[in-house]
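The file upload00.pdb comes next; it holds PDB, C-alpha atoms.
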```pdb
ATOM      1  CA  TYR Z   2      72.420  85.168  88.900
ATOM      2  CA  LEU Z   3      74.554  87.176  91.284
ATOM      3  CA  LEU Z   4      72.048  86.830  94.110
ATOM      4  CA  PHE Z   5      71.835  83.077  93.483
ATOM      5  CA  ASN Z   6      75.620  82.737  93.782
ATOM      6  CA  ILE Z   7      75.638  84.770  96.990
ATOM      7  CA  ASN Z   8      72.936  82.625  98.579
ATOM      8  CA  LYS Z   9      74.605  79.448  97.366
ATOM      9  CA  LYS Z  10      77.898  80.539  98.849
ATOM     10  CA  TYR Z  11      76.366  80.777 102.295
ATOM     11  CA  LYS Z  12      74.189  77.662 102.234
ATOM     12  CA  LYS Z  13      74.396  75.804 105.501
ATOM     13  CA  SER Z  14      76.691  72.827 105.213
ATOM     14  CA  GLY Z  15      75.992  69.417 106.710
ATOM     15  CA  ASN Z  16      76.560  68.823 110.399
ATOM     16  CA  CYS Z  17      79.890  67.374 111.542
ATOM     17  CA  ARG Z  18      79.279  63.916 112.953
ATOM     18  CA  GLU Z  19      81.136  62.107 115.675
ATOM     19  CA  ARG Z  20      82.097  59.266 113.369
ATOM     20  CA  ASN Z  21      84.562  61.585 111.650
ATOM     21  CA  THR Z  22      86.547  62.277 114.799
ATOM     22  CA  PRO Z  23      89.924  60.522 115.337
ATOM     23  CA  ARG Z  24      88.705  58.619 118.386
ATOM     24  CA  MET Z  25      85.645  57.247 116.580
ATOM     25  CA  MET Z  26      87.846  56.214 113.646
ATOM     26  CA  LEU Z  27      89.883  54.097 116.077
ATOM     27  CA  LYS Z  28      86.687  52.449 117.313
ATOM     28  CA  GLN Z  29      85.616  51.704 113.742
ATOM     29  CA  GLN Z  30      88.904  49.884 113.157
ATOM     30  CA  GLY Z  31      87.799  47.236 115.663
ATOM     31  CA  LEU Z  32      90.559  47.829 118.215
ATOM     32  CA  SER Z  33      89.914  46.759 121.793
ATOM     33  CA  PRO Z  34      89.888  49.466 124.505
ATOM     34  CA  LYS Z  35      93.297  48.306 125.748
ATOM     35  CA  ALA Z  36      94.788  48.319 122.252
ATOM     36  CA  ARG Z  37      93.417  51.783 121.615
ATOM     37  CA  GLU Z  38      95.175  53.346 124.621
ATOM     38  CA  PRO Z  39      98.584  54.007 122.927
ATOM     39  CA  ALA Z  40      96.921  55.500 119.869
ATOM     40  CA  GLN Z  41      94.521  57.624 121.931
ATOM     41  CA  ALA Z  42      97.398  58.919 124.021
ATOM     42  CA  SER Z  43      98.922  60.400 120.883
ATOM     43  CA  LEU Z  44      95.750  62.265 119.924
ATOM     44  CA  PRO Z  45      95.882  65.992 120.755
ATOM     45  CA  THR Z  46      93.797  67.147 123.664
ATOM     46  CA  LEU Z  47      90.859  69.491 123.134
ATOM     47  CA  ARG Z  48      92.817  72.360 124.681
ATOM     48  CA  THR Z  49      95.767  71.740 122.359
ATOM     49  CA  ARG Z  50      93.533  71.640 119.283
ATOM     50  CA  VAL Z  51      91.897  74.930 120.239
ATOM     51  CA  LEU Z  52      95.280  76.573 120.828
ATOM     52  CA  ARG Z  53      96.569  75.266 117.520
ATOM     53  CA  ARG Z  54      93.563  76.716 115.733
ATOM     54  CA  ILE Z  55      93.911  80.118 117.381
ATOM     55  CA  SER Z  56      97.642  80.615 117.256
ATOM     56  CA  GLY Z  57      98.828  78.208 114.596
ATOM     57  CA  ARG Z  58     101.373  76.687 116.983
ATOM     58  CA  VAL Z  59     101.381  74.463 120.099
ATOM     59  CA  ARG Z  60     101.654  76.300 123.407
ATOM     60  CA  SER Z  61     100.515  73.732 125.968
ATOM     61  CA  THR Z  62     103.143  72.292 128.330
ATOM     62  CA  GLY Z  63     104.404  68.825 127.422
ATOM     63  CA  ASP Z  64     103.514  69.037 123.723
ATOM     64  CA  GLN Z  65     106.333  69.211 121.228
ATOM     65  CA  PRO Z  66     106.156  72.181 118.843
ATOM     66  CA  GLU Z  67     105.544  71.269 115.251
ATOM     67  CA  SER Z  68     108.205  71.880 112.645
ATOM     68  CA  SER Z  69     105.949  74.222 110.657
ATOM     69  CA  PRO Z  70     103.148  76.266 112.232
ATOM     70  CA  GLN Z  71      99.635  75.603 111.012
ATOM     71  CA  THR Z  72      97.833  78.495 109.364
ATOM     72  CA  SER Z  73      94.509  79.495 110.875
ATOM     73  CA  SER Z  74      91.595  81.699 109.886
ATOM     74  CA  VAL Z  75      91.077  82.660 113.528
ATOM     75  CA  PRO Z  76      93.003  85.841 114.465
ATOM     76  CA  ASP Z  77      95.412  85.854 117.411
ATOM     77  CA  SER Z  78      93.839  89.077 118.658
ATOM     78  CA  ILE Z  79      91.008  91.394 117.757
ATOM     79  CA  PRO Z  80      90.870  95.202 117.472
ATOM     80  CA  VAL Z  81      89.759  97.093 120.558
ATOM     81  CA  LEU Z  82      86.115  98.200 120.687
ATOM     82  CA  ARG Z  83      85.997 101.651 122.297
ATOM     83  CA  PRO Z  84      82.923 103.753 123.172
ATOM     84  CA  ASP Z  85      83.475 105.950 120.104
ATOM     85  CA  THR Z  86      84.154 103.066 117.719
ATOM     86  CA  ASP Z  87      81.938 102.746 114.644
ATOM     87  CA  TRP Z  88      80.579  99.192 114.864
ATOM     88  CA  ARG Z  89      80.527  98.969 111.059
ATOM     89  CA  GLU Z  90      84.232  99.773 110.932
ATOM     90  CA  PHE Z  91      84.870  97.330 113.786
ATOM     91  CA  ARG Z  92      83.276  94.541 111.753
ATOM     92  CA  ALA Z  93      85.304  95.515 108.694
ATOM     93  CA  ARG Z  94      88.493  95.550 110.780
ATOM     94  CA  LEU Z  95      87.763  92.004 111.976
ATOM     95  CA  VAL Z  96      87.620  90.844 108.359
ATOM     96  CA  ASN Z  97      90.813  92.746 107.550
ATOM     97  CA  ARG Z  98      92.564  91.345 110.635
ATOM     98  CA  THR Z  99      91.811  87.779 109.548
ATOM     99  CA  SER Z 100      93.264  88.441 106.103
ATOM    100  CA  THR Z 101      96.328  90.174 107.550
ATOM    101  CA  ASP Z 102      96.970  87.358 110.039
ATOM    102  CA  ASN Z 103      96.800  84.801 107.246
ATOM    103  CA  LEU Z 104      99.336  86.795 105.248
ATOM    104  CA  ALA Z 105     101.540  87.253 108.311
ATOM    105  CA  GLY Z 106     101.539  83.492 108.874
ATOM    106  CA  GLN Z 107     103.037  82.998 105.432
ATOM    107  CA  SER Z 108     105.919  85.413 106.042
ATOM    108  CA  GLU Z 109     108.086  86.572 108.912
ATOM    109  CA  PRO Z 110     106.143  87.531 112.057
ATOM    110  CA  SER Z 111     105.064  91.170 112.262
ATOM    111  CA  SER Z 112     104.759  93.194 115.401
ATOM    112  CA  GLN Z 113     101.343  94.165 116.759
ATOM    113  CA  SER Z 114     102.033  97.843 116.054
ATOM    114  CA  THR Z 115     102.921  97.060 112.435
ATOM    115  CA  LEU Z 116      99.669  95.164 111.916
ATOM    116  CA  GLU Z 117      97.682  97.975 113.549
ATOM    117  CA  SER Z 118      99.352 100.471 111.209
ATOM    118  CA  GLN Z 119      98.466  98.364 108.170
ATOM    119  CA  LEU Z 120      94.861  98.023 109.303
ATOM    120  CA  SER Z 121      94.550 101.755 109.980
ATOM    121  CA  GLN Z 122      95.638 102.543 106.434
ATOM    122  CA  GLU Z 123      93.371  99.917 104.899
ATOM    123  CA  SER Z 124      90.345 100.922 106.983
ATOM    124  CA  LEU Z 125      90.163 104.458 105.541
ATOM    125  CA  HIS Z 126      88.105 103.101 102.658
ATOM    126  CA  TRP Z 127      86.062 100.002 103.397
ATOM    127  CA  ALA Z 128      82.674  98.559 102.508
ATOM    128  CA  HIS Z 129      80.830  95.347 103.262
ATOM    129  CA  SER Z 130      77.447  93.904 102.414
ATOM    130  CA  ILE Z 131      74.529  94.175 104.838
ATOM    131  CA  PRO Z 132      71.255  92.217 104.612
ATOM    132  CA  ALA Z 133      68.788  95.115 104.563
ATOM    133  CA  PRO Z 134      68.667  98.907 104.091
ATOM    134  CA  GLU Z 135      69.289 101.133 107.093
ATOM    135  CA  LYS Z 136      70.055 104.765 107.841
ATOM    136  CA  GLY Z 137      73.576 105.646 106.705
ATOM    137  CA  CYS Z 138      73.953 102.705 104.319
ATOM    138  CA  LEU Z 139      74.692 102.819 100.608
ATOM    139  CA  LEU Z 140      72.388 101.557  97.890
ATOM    140  CA  LEU Z 141      74.123 100.302  94.756
ATOM    141  CA  ALA Z 142      71.900  99.947  91.695
ATOM    142  CA  HIS Z 143      71.883  96.611  89.901
ATOM    143  CA  PRO Z 144      73.723  97.187  86.593
ATOM    144  CA  LEU Z 145      70.853  95.787  84.483
ATOM    145  CA  VAL Z 146      68.256  98.138  85.968
ATOM    146  CA  PHE Z 147      67.556 101.779  85.019
ATOM    147  CA  GLN Z 148      68.979 101.442  81.526
ATOM    148  CA  GLU Z 149      65.881 102.814  79.766
ATOM    149  CA  ARG Z 150      64.001 104.830  82.391
ATOM    150  CA  GLN Z 151      65.237 106.882  85.358
ATOM    151  CA  LYS Z 152      68.754 106.693  83.926
ATOM    152  CA  TYR Z 153      70.084 108.922  86.696
ATOM    153  CA  PHE Z 154      69.809 105.807  88.898
ATOM    154  CA  HIS Z 155      71.958 103.708  86.542
ATOM    155  CA  GLN Z 156      74.997 102.452  88.504
ATOM    156  CA  ALA Z 157      74.049 104.905  91.243
ATOM    157  CA  ALA Z 158      75.517 104.912  94.748
ATOM    158  CA  ILE Z 159      72.903 106.391  97.093
ATOM    159  CA  LEU Z 160      73.464 107.439 100.706
ATOM    160  CA  ILE Z 161      70.339 106.755 102.790
ATOM    161  CA  LEU Z 162      69.747 109.784 105.018
ATOM    162  CA  GLU Z 163      66.695 108.391 106.784
ATOM    163  CA  HIS Z 164      64.956 105.028 106.892
ATOM    164  CA  ASN Z 165      61.959 104.279 109.086
ATOM    165  CA  GLU Z 166      58.340 103.092 108.962
ATOM    166  CA  GLN Z 167      57.257 106.313 107.210
ATOM    167  CA  GLY Z 168      59.615 105.715 104.285
ATOM    168  CA  SER Z 169      63.159 106.450 103.169
ATOM    169  CA  TYR Z 170      65.104 109.173 101.427
ATOM    170  CA  GLY Z 171      68.681 109.702 100.348
ATOM    171  CA  LEU Z 172      71.116 111.349  97.947
ATOM    172  CA  ILE Z 173      72.673 110.020  94.765
ATOM    173  CA  LEU Z 174      76.363 110.501  95.505
ATOM    174  CA  ASN Z 175      77.766 109.993  92.014
ATOM    175  CA  GLN Z 176      75.547 111.961  89.615
ATOM    176  CA  PRO Z 177      77.366 115.258  88.915
ATOM    177  CA  SER Z 178      75.674 118.035  86.955
ATOM    178  CA  VAL Z 179      77.157 120.716  84.712
ATOM    179  CA  HIS Z 180      76.231 123.394  87.258
ATOM    180  CA  THR Z 181      77.860 124.912  90.325
ATOM    181  CA  LEU Z 182      76.145 126.207  93.429
ATOM    182  CA  GLY Z 183      76.577 129.761  92.117
ATOM    183  CA  ASP Z 184      74.244 128.985  89.198
ATOM    184  CA  LEU Z 185      71.297 128.689  91.574
ATOM    185  CA  SER Z 186      69.133 131.542  92.815
ATOM    186  CA  LEU Z 187      69.229 130.830  96.519
ATOM    187  CA  THR Z 188      67.216 132.617  99.204
ATOM    188  CA  GLN Z 189      70.401 132.687 101.290
ATOM    189  CA  PRO Z 190      73.562 133.799  99.424
ATOM    190  CA  LEU Z 191      76.452 131.366  99.749
ATOM    191  CA  ASP Z 192      79.349 133.175  98.100
ATOM    192  CA  GLU Z 193      81.887 130.975  99.891
ATOM    193  CA  PHE Z 194      80.552 127.933  97.995
ATOM    194  CA  LYS Z 195      79.618 129.482  94.647
ATOM    195  CA  ASP Z 196      82.239 127.465  92.751
ATOM    196  CA  CYS Z 197      81.354 124.129  94.349
ATOM    197  CA  PRO Z 198      80.128 121.428  91.928
ATOM    198  CA  LEU Z 199      76.424 120.655  92.155
ATOM    199  CA  TYR Z 200      75.262 117.027  92.115
ATOM    200  CA  LEU Z 201      71.833 115.666  91.252
ATOM    201  CA  GLY Z 202      70.623 114.093  94.488
ATOM    202  CA  GLY Z 203      67.481 112.498  93.060
ATOM    203  CA  ASP Z 204      64.144 113.076  91.375
ATOM    204  CA  VAL Z 205      62.124 114.357  94.338
ATOM    205  CA  GLY Z 206      61.809 117.879  95.719
ATOM    206  CA  GLY Z 207      61.831 121.406  94.427
ATOM    207  CA  GLY Z 208      64.583 123.997  94.639
ATOM    208  CA  GLU Z 209      66.169 122.937  97.935
ATOM    209  CA  VAL Z 210      69.816 121.942  98.198
ATOM    210  CA  HIS Z 211      71.484 119.529 100.605
ATOM    211  CA  MET Z 212      75.033 119.495 101.925
ATOM    212  CA  ILE Z 213      77.010 116.606 103.440
ATOM    213  CA  HIS Z 214      80.406 116.890 105.117
ATOM    214  CA  PRO Z 215      82.631 115.385 107.869
ATOM    215  CA  TYR Z 216      82.104 118.109 110.535
ATOM    216  CA  ASN Z 217      79.839 118.058 113.595
ATOM    217  CA  LEU Z 218      78.433 121.556 113.111
ATOM    218  CA  PRO Z 219      75.608 123.407 114.857
ATOM    219  CA  ARG Z 220      72.241 122.505 113.289
ATOM    220  CA  SER Z 221      73.784 119.568 111.425
ATOM    221  CA  VAL Z 222      72.519 115.990 111.722
ATOM    222  CA  GLU Z 223      74.748 112.921 111.930
ATOM    223  CA  VAL Z 224      73.737 110.498 109.183
ATOM    224  CA  VAL Z 225      76.342 107.911 110.107
ATOM    225  CA  LYS Z 226      79.585 108.173 112.070
ATOM    226  CA  GLY Z 227      81.764 110.758 110.315
ATOM    227  CA  VAL Z 228      79.099 111.996 107.869
ATOM    228  CA  TYR Z 229      76.826 114.955 108.654
ATOM    229  CA  LEU Z 230      73.948 116.670 106.859
ATOM    230  CA  GLY Z 231      73.255 120.419 107.038
ATOM    231  CA  GLY Z 232      74.662 123.200 109.185
ATOM    232  CA  ILE Z 233      75.095 125.554 106.230
ATOM    233  CA  GLU Z 234      75.617 128.770 108.214
ATOM    234  CA  ALA Z 235      78.282 127.213 110.428
ATOM    235  CA  ALA Z 236      79.971 125.726 107.368
ATOM    236  CA  ALA Z 237      80.132 129.137 105.683
ATOM    237  CA  LYS Z 238      81.751 130.604 108.799
ATOM    238  CA  MET Z 239      84.341 127.802 108.899
ATOM    239  CA  VAL Z 240      85.301 128.421 105.277
ATOM    240  CA  ALA Z 241      85.417 132.204 105.809
ATOM    241  CA  LYS Z 242      87.802 131.689 108.739
ATOM    242  CA  LYS Z 243      89.819 129.188 106.641
ATOM    243  CA  GLU Z 244      89.114 126.466 109.189
ATOM    244  CA  ALA Z 245      87.802 124.210 106.414
ATOM    245  CA  ASP Z 246      88.118 123.856 102.657
ATOM    246  CA  THR Z 247      85.165 124.142 100.301
ATOM    247  CA  LYS Z 248      86.103 120.713  98.930
ATOM    248  CA  ASP Z 249      85.092 119.222 102.293
ATOM    249  CA  PHE Z 250      81.444 119.986 101.479
ATOM    250  CA  LYS Z 251      79.378 118.244  98.792
ATOM    251  CA  TRP Z 252      76.198 119.879  97.460
ATOM    252  CA  TYR Z 253      73.112 118.169  96.025
ATOM    253  CA  ALA Z 254      69.942 119.400  94.375
ATOM    254  CA  ARG Z 255      66.790 117.399  95.136
ATOM    255  CA  TYR Z 256      66.786 113.896  96.647
ATOM    256  CA  ALA Z 257      65.586 110.318  96.121
ATOM    257  CA  GLY Z 258      62.579 109.106  98.086
ATOM    258  CA  TRP Z 259      60.628 105.921  98.806
ATOM    259  CA  GLY Z 260      57.269 105.310 100.472
ATOM    260  CA  PRO Z 261      56.656 102.988 103.436
ATOM    261  CA  LYS Z 262      58.257  99.543 102.816
ATOM    262  CA  GLN Z 263      58.922 100.476  99.161
ATOM    263  CA  LEU Z 264      62.699 100.349  99.515
ATOM    264  CA  GLU Z 265      62.577  96.970 101.266
ATOM    265  CA  ARG Z 266      60.512  95.557  98.407
ATOM    266  CA  GLU Z 267      62.913  96.905  95.799
ATOM    267  CA  CYS Z 268      65.916  95.446  97.658
ATOM    268  CA  LYS Z 269      64.250  92.025  97.880
ATOM    269  CA  ALA Z 270      63.528  92.229  94.144
ATOM    270  CA  GLY Z 271      67.226  92.748  93.467
ATOM    271  CA  VAL Z 272      67.020  96.377  92.327
ATOM    272  CA  TRP Z 273      69.554  97.507  94.951
ATOM    273  CA  PHE Z 274      72.544  96.009  96.732
ATOM    274  CA  THR Z 275      72.924  97.285 100.301
ATOM    275  CA  ALA Z 276      76.289  98.058 101.889
ATOM    276  CA  ALA Z 277      77.835  99.712 104.920
ATOM    277  CA  ALA Z 278      80.751 101.974 104.014
ATOM    278  CA  SER Z 279      83.328 104.197 105.697
ATOM    279  CA  ALA Z 280      82.855 107.956 105.936
ATOM    280  CA  PRO Z 281      85.938 108.734 103.772
ATOM    281  CA  LEU Z 282      84.532 106.494 101.041
ATOM    282  CA  ILE Z 283      81.079 108.100 101.223
ATOM    283  CA  LEU Z 284      82.555 111.605 101.020
ATOM    284  CA  SER Z 285      85.166 110.762  98.371
ATOM    285  CA  ARG Z 286      85.332 112.385  94.948
ATOM    286  CA  PRO Z 287      86.810 109.636  92.764
ATOM    287  CA  GLU Z 288      88.208 110.653  89.409
ATOM    288  CA  GLY Z 289      86.816 109.219  86.208
ATOM    289  CA  SER Z 290      83.235 108.587  85.162
ATOM    290  CA  ALA Z 291      80.158 108.884  87.370
ATOM    291  CA  SER Z 292      80.170 105.102  87.872
ATOM    292  CA  THR Z 293      83.659 105.069  89.456
ATOM    293  CA  LEU Z 294      82.282 105.264  92.997
ATOM    294  CA  TRP Z 295      79.834 102.441  92.212
ATOM    295  CA  HIS Z 296      82.737 100.260  91.063
ATOM    296  CA  ASN Z 297      84.917 101.251  94.038
ATOM    297  CA  VAL Z 298      82.299 100.221  96.582
ATOM    298  CA  LEU Z 299      81.563  96.893  94.883
ATOM    299  CA  SER Z 300      85.280  96.119  94.671
ATOM    300  CA  LEU Z 301      85.751  96.781  98.389
ATOM    301  CA  MET Z 302      82.772  94.538  99.197
ATOM    302  CA  GLY Z 303      84.702  91.677  97.617
ATOM    303  CA  GLY Z 304      83.481  88.260  96.501
ATOM    304  CA  ASP Z 305      80.671  88.159  93.944
ATOM    305  CA  TYR Z 306      80.243  91.931  94.157
ATOM    306  CA  GLN Z 307      83.849  92.511  93.134
ATOM    307  CA  GLU Z 308      83.477  89.991  90.315
ATOM    308  CA  LEU Z 309      80.343  91.809  89.142
ATOM    309  CA  SER Z 310      82.259  95.095  88.965
ATOM    310  CA  ILE Z 311      85.058  93.430  86.979
ATOM    311  CA  ASN Z 312      82.593  91.915  84.505
ATOM    312  CA  VAL Z 313      80.729  95.186  84.036
ATOM    313  CA  ARG Z 314      83.986  97.065  83.397
ATOM    314  CA  ALA Z 315      85.029  94.446  80.849
ATOM    315  CA  GLN Z 316      81.691  94.713  79.070
ATOM    316  CA  GLU Z 317      81.933  98.518  78.992
ATOM    317  CA  GLU Z 318      85.392  98.270  77.465
ATOM    318  CA  ARG Z 319      84.089  95.959  74.754
ATOM    319  CA  TRP Z 320      81.278  98.426  73.959
ATOM    320  CA  LYS Z 321      83.792 101.228  73.553
ATOM    321  CA  LYS Z 322      85.576  99.225  70.847
TER
END
```
Would you put the structure from the file into structure tokens?
Amino acid sequence: YLLFNINKKYKKSGNCRERNTPRMMLKQQGLSPKAREPAQASLPTLRTRVLRRISGRVRSTGDQPESSPQTSSVPDSIPVLRPDTDWREFRARLVNRTSTDNLAGQSEPSSQSTLESQLSQESLHWAHSIPAPEKGCLLLAHPLVFQERQKYFHQAAILILEHNEQGSYGLILNQPSVHTLGDLSLTQPLDEFKDCPLYLGGDVGGGEVHMIHPYNLPRSVEVVKGVYLGGIEAAAKMVAKKEADTKDFKWYARYAGWGPKQLERECKAGVWFTAAASAPLILSRPEGSASTLWHNVLSLMGGDYQELSINVRAQEERWKK
């Protein structure tokens, strides 16, 4: 039902036809070319219409400004794309900029620096839907799946560490265990992290552990901009020197894995929703139940996803009663 609504929302609308334009409407009224001249002269030029749509006010010379500016969904400006910019964040900032500009049009004008400050604060945690799985994306389990079997995937948020023609693997971000890293018998002692909570990363693998964090460390691998995997020795040295806090590092036992094309098939079947998300959101430790991160991501994705989260929360509250 959710997927149907999403597809319906983005169905291609009918083409705009010339008969709906102001000039064609004058023709349909049966006016002669000479009689149409005064009326046509009052029609806005193409340049004026474009400027009105972009800025919400008339800027062309000779046109009288309107008494009330028109609101527009097209932003006056766009954020700057720099070489180190995360393209996923850039796309999210474009969406945020449109929303902010619409709000600014309804109130007193804000300065560019004020809008940039608002966007910077809002962009710390962001998420948006993407059409297919990719490295660094999040998988969000459909709420009606994994209720009887593989319950550790129920309302799971999974970070995909690798995705290629050989298959895919990732870590369940929101499945905490009752253990800490110190409960494990590791081949390499990690006293600096012995009190760190241990999460269940999946149902594949033996006794190995995985660590994700925001630091570009030696022997670490960048999963997505701002999120790194590995570099345990360098991480231990950072903590020992008090250059980092142990809370900056999240530890997982085992992992989740898929064979070639298996994940794509499951996504097409509706088992998983796919999303791009910010590094702070991926590395966050939200308070509450294990499903809190799942709800947070869906809410940030907006639209039908946000409505799904609201409905699931409401149903869970009714079950508690």
Name the residues in contact with Z:Trp252 at a cut-off of 10 Å, using only C-alpha atoms, excluding same-chain residues fewer than 4 positions from it; report them as a PyMOL selection string.
chain Z and resi 172+174+177+181-182+194+197-202+210-214
How would you write, as number ranges by chain, the residues chosen by the PyMOL selection byres ((chain Z and resi 166-171) around 12) on this structure?
Z: 134-140, 157-165, 172-174, 201-206, 211-213, 224, 230, 253-266
If you keep C-alpha atoms, can you produce a file of those selected residues as a compact mmCIF listing (two decimals), in the coordinates of the input?
```
# COMPACT_ATOMS: atom_id res chain seq x y z
CA PRO Z 134 68.67 98.91 104.09
CA GLU Z 135 69.29 101.13 107.09
CA LYS Z 136 70.06 104.76 107.84
CA GLY Z 137 73.58 105.65 106.70
CA CYS Z 138 73.95 102.70 104.32
CA LEU Z 139 74.69 102.82 100.61
CA LEU Z 140 72.39 101.56 97.89
CA ALA Z 157 74.05 104.90 91.24
CA ALA Z 158 75.52 104.91 94.75
CA ILE Z 159 72.90 106.39 97.09
CA LEU Z 160 73.46 107.44 100.71
CA ILE Z 161 70.34 106.76 102.79
CA LEU Z 162 69.75 109.78 105.02
CA GLU Z 163 66.69 108.39 106.78
CA HIS Z 164 64.96 105.03 106.89
CA ASN Z 165 61.96 104.28 109.09
CA LEU Z 172 71.12 111.35 97.95
CA ILE Z 173 72.67 110.02 94.76
CA LEU Z 174 76.36 110.50 95.50
CA LEU Z 201 71.83 115.67 91.25
CA GLY Z 202 70.62 114.09 94.49
CA GLY Z 203 67.48 112.50 93.06
CA ASP Z 204 64.14 113.08 91.38
CA VAL Z 205 62.12 114.36 94.34
CA GLY Z 206 61.81 117.88 95.72
CA HIS Z 211 71.48 119.53 100.60
CA MET Z 212 75.03 119.50 101.92
CA ILE Z 213 77.01 116.61 103.44
CA VAL Z 224 73.74 110.50 109.18
CA LEU Z 230 73.95 116.67 106.86
CA TYR Z 253 73.11 118.17 96.02
CA ALA Z 254 69.94 119.40 94.38
CA ARG Z 255 66.79 117.40 95.14
CA TYR Z 256 66.79 113.90 96.65
CA ALA Z 257 65.59 110.32 96.12
CA GLY Z 258 62.58 109.11 98.09
CA TRP Z 259 60.63 105.92 98.81
CA GLY Z 260 57.27 105.31 100.47
CA PRO Z 261 56.66 102.99 103.44
CA LYS Z 262 58.26 99.54 102.82
CA GLN Z 263 58.92 100.48 99.16
CA LEU Z 264 62.70 100.35 99.52
CA GLU Z 265 62.58 96.97 101.27
CA ARG Z 266 60.51 95.56 98.41
```
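Between atom CA of Z:Leu301 and atom CA of Z:Ala280 lies a distance of 13.8 Å.
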Expand the PyMOL selection byres ((chain Z and resi 292) around 9) into the explicit residue set it covers here, and present it as a list in words.
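Those residues are His155, Gln156, Ala157, Ala158, Asn175, Gln176, Gly289, Ser290, Ala291, Thr293, Leu294, Trp295, His296 and Asn297 of chain Z.
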Please produce an output containing C-alpha atoms for each residue in the selection, written as a PDB file, keeping the file's coordinate frame.
```
ATOM      1  CA  HIS Z 155      71.958 103.708  86.542  1.00  0.00           C
ATOM      2  CA  GLN Z 156      74.997 102.452  88.504  1.00  0.00           C
ATOM      3  CA  ALA Z 157      74.049 104.905  91.243  1.00  0.00           C
ATOM      4  CA  ALA Z 158      75.517 104.912  94.748  1.00  0.00           C
ATOM      5  CA  ASN Z 175      77.766 109.993  92.014  1.00  0.00           C
ATOM      6  CA  GLN Z 176      75.547 111.961  89.615  1.00  0.00           C
ATOM      7  CA  GLY Z 289      86.816 109.219  86.208  1.00  0.00           C
ATOM      8  CA  SER Z 290      83.235 108.587  85.162  1.00  0.00           C
ATOM      9  CA  ALA Z 291      80.158 108.884  87.370  1.00  0.00           C
ATOM     10  CA  THR Z 293      83.659 105.069  89.456  1.00  0.00           C
ATOM     11  CA  LEU Z 294      82.282 105.264  92.997  1.00  0.00           C
ATOM     12  CA  TRP Z 295      79.834 102.441  92.212  1.00  0.00           C
ATOM     13  CA  HIS Z 296      82.737 100.260  91.063  1.00  0.00           C
ATOM     14  CA  ASN Z 297      84.917 101.251  94.038  1.00  0.00           C
TER      15      ASN Z 297
END
```
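Taking atom CA of Z:Pro219 as the reference point, atom CA of Z:Lys195 is found at 21.5 Å.
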So which residues get picked by the PyMOL selection byres ((chain Z and resi 145-151) around 12) here, written as a list in words?
Tyr2, Leu3, Leu141, Ala142, His143, Pro144, Lys152, Tyr153, Phe154, His155, Gln156, Ala157, Gly203, Asp204, Ala257, Glu267, Ala270, Gly271, Val272, Trp273, Phe274, Leu309 and Val313 of chain Z
Separating atom CA of Z:Glu234 from atom CA of Z:Val179, to the nearest tenth of an Å, is a gap of 24.9 Å
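Using all atoms listed in the file, the smallest distance between any of Z:Asp184, Z:Ala245, Z:Pro287, Z:Phe250 and Z:Ile233 comes from Z:Phe250.
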Applying 6 Å and only C-alpha atoms, which residues near Z:Ala128 remain after dropping the ones on its own chain fewer than 3 positions away? List them as a list in words.
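Listed by chain and then number, they are Ala277, Ala278, Leu301 and Met302 of chain Z.
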Could you work out an axis-aligned bounding box for all listed atoms of stretch 216-219 of chain Z, with 8 Å added on each of the six sides, and give its centre and edge lengths in Å to one decimal, as AutoDock Vina command-line options?
```
--center_x 78.9 --center_y 120.7 --center_z 112.7 --size_x 22.5 --size_y 21.3 --size_z 20.3
```
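Minimum atom-to-atom distance to Z:Ser300, evaluated using only C-alpha atoms, belongs to Z:Arg314 out of Z:Arg314, Z:Arg220, Z:Gln189, Z:Glu288.
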